[in-house]
>>> print(open('structure_38.txt').read())   # compact mmCIF, C-alpha atoms
# COMPACT_ATOMS: atom_id res chain seq x y z
CA MET A 1 26.83 -18.32 11.98
CA VAL A 2 25.36 -18.93 15.41
CA TYR A 3 27.00 -21.84 17.20
CA LYS A 4 25.30 -24.12 19.74
CA TYR A 5 26.14 -27.46 21.32
CA LYS A 6 24.06 -30.41 20.20
CA ASN A 7 24.01 -32.63 23.29
CA TYR A 8 26.78 -32.15 25.78
CA LYS A 9 27.34 -28.69 27.27
CA TYR A 10 30.96 -27.57 27.61
CA SER A 11 32.39 -24.98 29.99
CA ILE A 12 33.28 -22.71 27.07
CA PRO A 13 30.48 -21.10 25.05
CA ALA A 14 29.80 -22.74 21.69
CA GLU A 15 30.23 -19.38 19.99
CA VAL A 16 33.85 -19.15 21.22
CA VAL A 17 34.61 -22.68 20.02
CA GLY A 18 32.92 -22.08 16.66
CA LYS A 19 34.89 -18.89 15.99
CA HIS A 20 38.11 -20.69 16.95
CA PHE A 21 37.26 -23.53 14.54
CA GLU A 22 36.53 -21.01 11.78
CA LYS A 23 39.97 -19.48 12.31
CA LEU A 24 41.63 -22.90 12.23
CA GLU A 25 39.80 -23.92 9.06
CA LYS A 26 40.82 -20.68 7.37
CA GLU A 27 44.46 -21.18 8.36
CA GLU A 28 44.67 -24.92 7.63
CA GLY A 29 42.18 -25.36 4.78
CA SER A 30 40.08 -27.87 6.74
CA LEU A 31 39.40 -28.99 10.30
CA THR A 32 40.67 -32.28 11.73
CA SER A 33 40.87 -33.67 15.24
CA LYS A 34 44.66 -33.31 15.13
CA ILE A 35 44.44 -29.65 14.11
CA VAL A 36 41.97 -28.96 16.94
CA LEU A 37 44.09 -30.81 19.51
CA ASP A 38 47.30 -29.12 18.40
CA SER A 39 45.60 -25.71 18.64
CA ALA A 40 44.45 -26.53 22.18
CA ARG A 41 47.92 -27.37 23.49
CA ALA A 42 48.85 -23.73 24.17
CA GLU A 43 47.53 -22.62 27.56
CA GLU A 44 46.27 -19.37 26.02
CA SER A 45 44.15 -21.28 23.51
CA PRO A 46 40.42 -20.60 24.00
CA ILE A 47 39.76 -24.36 24.05
CA HIS A 48 42.74 -25.48 26.19
CA SER A 49 40.64 -26.14 29.30
CA LEU A 50 38.34 -28.52 27.43
CA PHE A 51 41.08 -31.15 27.27
CA GLU A 52 42.69 -33.38 29.91
CA TRP A 53 46.38 -32.49 30.05
CA ASP A 54 47.42 -34.77 32.92
CA ASP A 55 48.92 -37.68 30.96
CA SER A 56 48.18 -40.33 33.59
CA VAL A 57 44.50 -39.35 33.74
CA ALA A 58 44.26 -39.03 29.95
CA ALA A 59 45.92 -42.43 29.49
CA GLU A 60 43.38 -44.08 31.81
CA GLN A 61 40.48 -42.37 29.98
CA TYR A 62 41.91 -43.54 26.67
CA ARG A 63 42.17 -47.14 27.90
CA LEU A 64 38.58 -46.99 29.17
CA ARG A 65 37.53 -45.76 25.72
CA GLN A 66 39.44 -48.67 24.15
CA ALA A 67 37.63 -51.10 26.47
CA THR A 68 34.27 -49.61 25.48
CA GLN A 69 35.20 -49.89 21.79
CA LEU A 70 36.13 -53.52 22.35
CA ILE A 71 32.77 -54.24 23.99
CA CYS A 72 30.91 -52.40 21.22
CA ASN A 73 32.77 -54.13 18.39
CA LEU A 74 32.27 -57.71 19.51
CA THR A 75 29.54 -59.42 17.50
CA VAL A 76 27.68 -62.69 17.78
CA GLU A 77 25.71 -64.76 15.32
CA VAL A 78 22.10 -65.17 16.40
CA GLU A 79 19.91 -67.92 14.99
CA THR A 80 16.57 -66.79 13.54
CA GLU A 81 13.81 -68.68 11.77
CA GLU A 82 15.02 -67.50 8.36
CA LYS A 83 18.81 -67.34 8.65
CA PRO A 84 21.46 -66.46 11.23
CA ILE A 85 22.14 -62.75 11.66
CA GLU A 86 25.21 -61.04 13.02
CA CYS A 87 24.64 -58.41 15.71
CA ARG A 88 26.43 -56.75 18.58
CA ALA A 89 27.18 -59.20 21.38
CA TYR A 90 26.66 -56.61 24.15
CA MET A 91 24.30 -53.65 24.39
CA ASP A 92 24.24 -50.66 26.73
CA VAL A 93 20.90 -50.96 28.48
CA SER A 94 21.23 -48.09 30.94
CA GLU A 95 18.66 -45.29 30.60
CA ALA A 96 21.38 -42.62 30.49
CA LYS A 97 23.71 -44.62 28.23
CA THR A 98 26.35 -44.87 30.93
CA GLY A 99 28.12 -47.95 29.64
CA SER A 100 26.27 -50.68 31.51
CA PHE A 101 26.35 -53.52 29.00
CA VAL A 102 24.53 -56.87 28.97
CA ASN A 103 24.61 -59.61 26.36
CA VAL A 104 22.18 -59.15 23.49
CA LYS A 105 20.10 -62.16 24.46
CA SER A 106 19.49 -60.77 27.96
CA ALA A 107 18.85 -57.29 26.57
CA PHE A 108 15.92 -58.54 24.50
CA GLN A 109 14.52 -61.09 26.95
CA VAL A 110 13.74 -58.49 29.63
CA GLU A 111 10.92 -56.14 28.61
CA GLU A 112 12.43 -53.13 30.40
CA THR A 113 15.82 -53.39 28.68
CA ARG A 114 14.21 -54.26 25.34
CA ASP A 115 12.19 -51.03 25.58
CA ILE A 116 15.35 -49.06 26.34
CA VAL A 117 17.11 -50.50 23.29
CA LEU A 118 14.11 -49.86 21.02
CA LYS A 119 13.68 -46.28 22.25
CA ARG A 120 17.39 -45.62 21.77
CA ALA A 121 17.22 -47.01 18.23
CA LEU A 122 14.23 -44.79 17.49
CA ASN A 123 16.06 -41.75 18.88
CA GLU A 124 19.00 -42.52 16.60
CA LEU A 125 16.62 -42.75 13.63
CA ILE A 126 15.07 -39.41 14.59
CA ALA A 127 18.56 -37.90 14.81
CA PHE A 128 19.30 -39.29 11.34
CA LYS A 129 16.08 -37.76 10.04
CA THR A 130 16.94 -34.40 11.61
CA LYS A 131 20.46 -34.46 10.17
CA TYR A 132 19.35 -35.29 6.63
CA LYS A 133 15.89 -33.66 6.54
CA ASN A 134 16.86 -31.58 3.50
CA LEU A 135 17.47 -34.64 1.30
CA LEU A 136 14.22 -35.19 -0.54
CA GLU A 137 15.50 -38.54 -1.84
CA LEU A 138 15.12 -39.92 1.70
CA GLN A 139 11.50 -38.83 2.16
CA THR A 140 10.16 -42.41 2.18
CA VAL A 141 12.69 -43.31 4.89
CA PHE A 142 11.53 -40.31 6.94
CA GLU A 143 7.92 -41.40 6.55
CA ALA A 144 8.85 -44.87 7.85
CA ILE A 145 10.55 -43.24 10.86
CA ASP A 146 7.38 -41.18 11.49
CA THR A 147 5.34 -44.41 11.45
CA LEU A 148 7.73 -46.05 13.92
CA GLU A 149 7.43 -43.04 16.26
CA LYS A 150 3.71 -43.78 16.55
CA VAL A 151 4.31 -47.48 17.30
CA ILE A 152 7.23 -47.43 19.73
>>> encode(input="structure_38.txt", output="structure tokens")
Amino acid sequence: MVYKYKNYKYSIPAEVVGKHFEKLEKEEGSLTSKIVLDSARAEESPIHSLFEWDDSVAAEQYRLRQATQLICNLTVEVETEEKPIECRAYMDVSEAKTGSFVNVKSAFQVEETRDIVLKRALNELIAFKTKYKNLLELQTVFEAIDTLEKVI
């Protein structure tokens, strides 16, 4: 297999990481986050440098991740003409998805942020289509995504 990174580029070539993961899967029977982390603990591990080993820094990063999860998991009921719908209370409206959240009402009232949210949603649909393109049962869904690409 030829390994590549999907989005983020790491300091270690994808091929090195992929071969390491293959070895772990062969040894353990499957690959989990815990198996990967445990394998990275040894300084001689090929993936050791990809992790934060300073506990105070890692703890702060973990708490920031928890805060982001809290923001992302809060929902609100929005009144519509038909019936109320539940949706996320806050949305990241930064172009680069940097974690700059505003309430959902504000996100959709400003044309610029509404466009950002719609384009992000479309990109997620395109990613879904790319991931599952081999499933013929989803062809009508893919066609709907293609139609949306022309509109948004």
>>> residues_around(input="structure_38.txt", residues="range 91-95 of chain A", least_positions_apart="5", cutoff="8 Å", atoms="all atoms listed in the file", output="PyMOL selection string")
chain A and resi 72+100-104+107+113+116-117
>>> atom_distance(input="structure_38.txt", atom1="CA of Pro46 in chain A", atom2="CA of Ala59 in chain A")
23.2 Å
>>> residues_around(input="structure_38.txt", residues="Leu148 in chain A", least_positions_apart="3", cutoff="10 Å", atoms="all atoms listed in the file", output="ChimeraX atom specification")
/A:122,125-126,142-145,151-152
>>> atom_distance(input="structure_38.txt", atom1="CA of Ile47 in chain A", atom2="CA of Glu15 in chain A")
11.5 Å
>>> atom_distance(input="structure_38.txt", atom1="CA of Phe51 in chain A", atom2="CA of Val36 in chain A")
10.6 Å
>>> closest_residue(input="structure_38.txt", among="A:Thr32, A:Lys131, A:Tyr90, A:Tyr62", to="Leu74 in chain A", atoms="only C-alpha atoms")
A:Tyr90
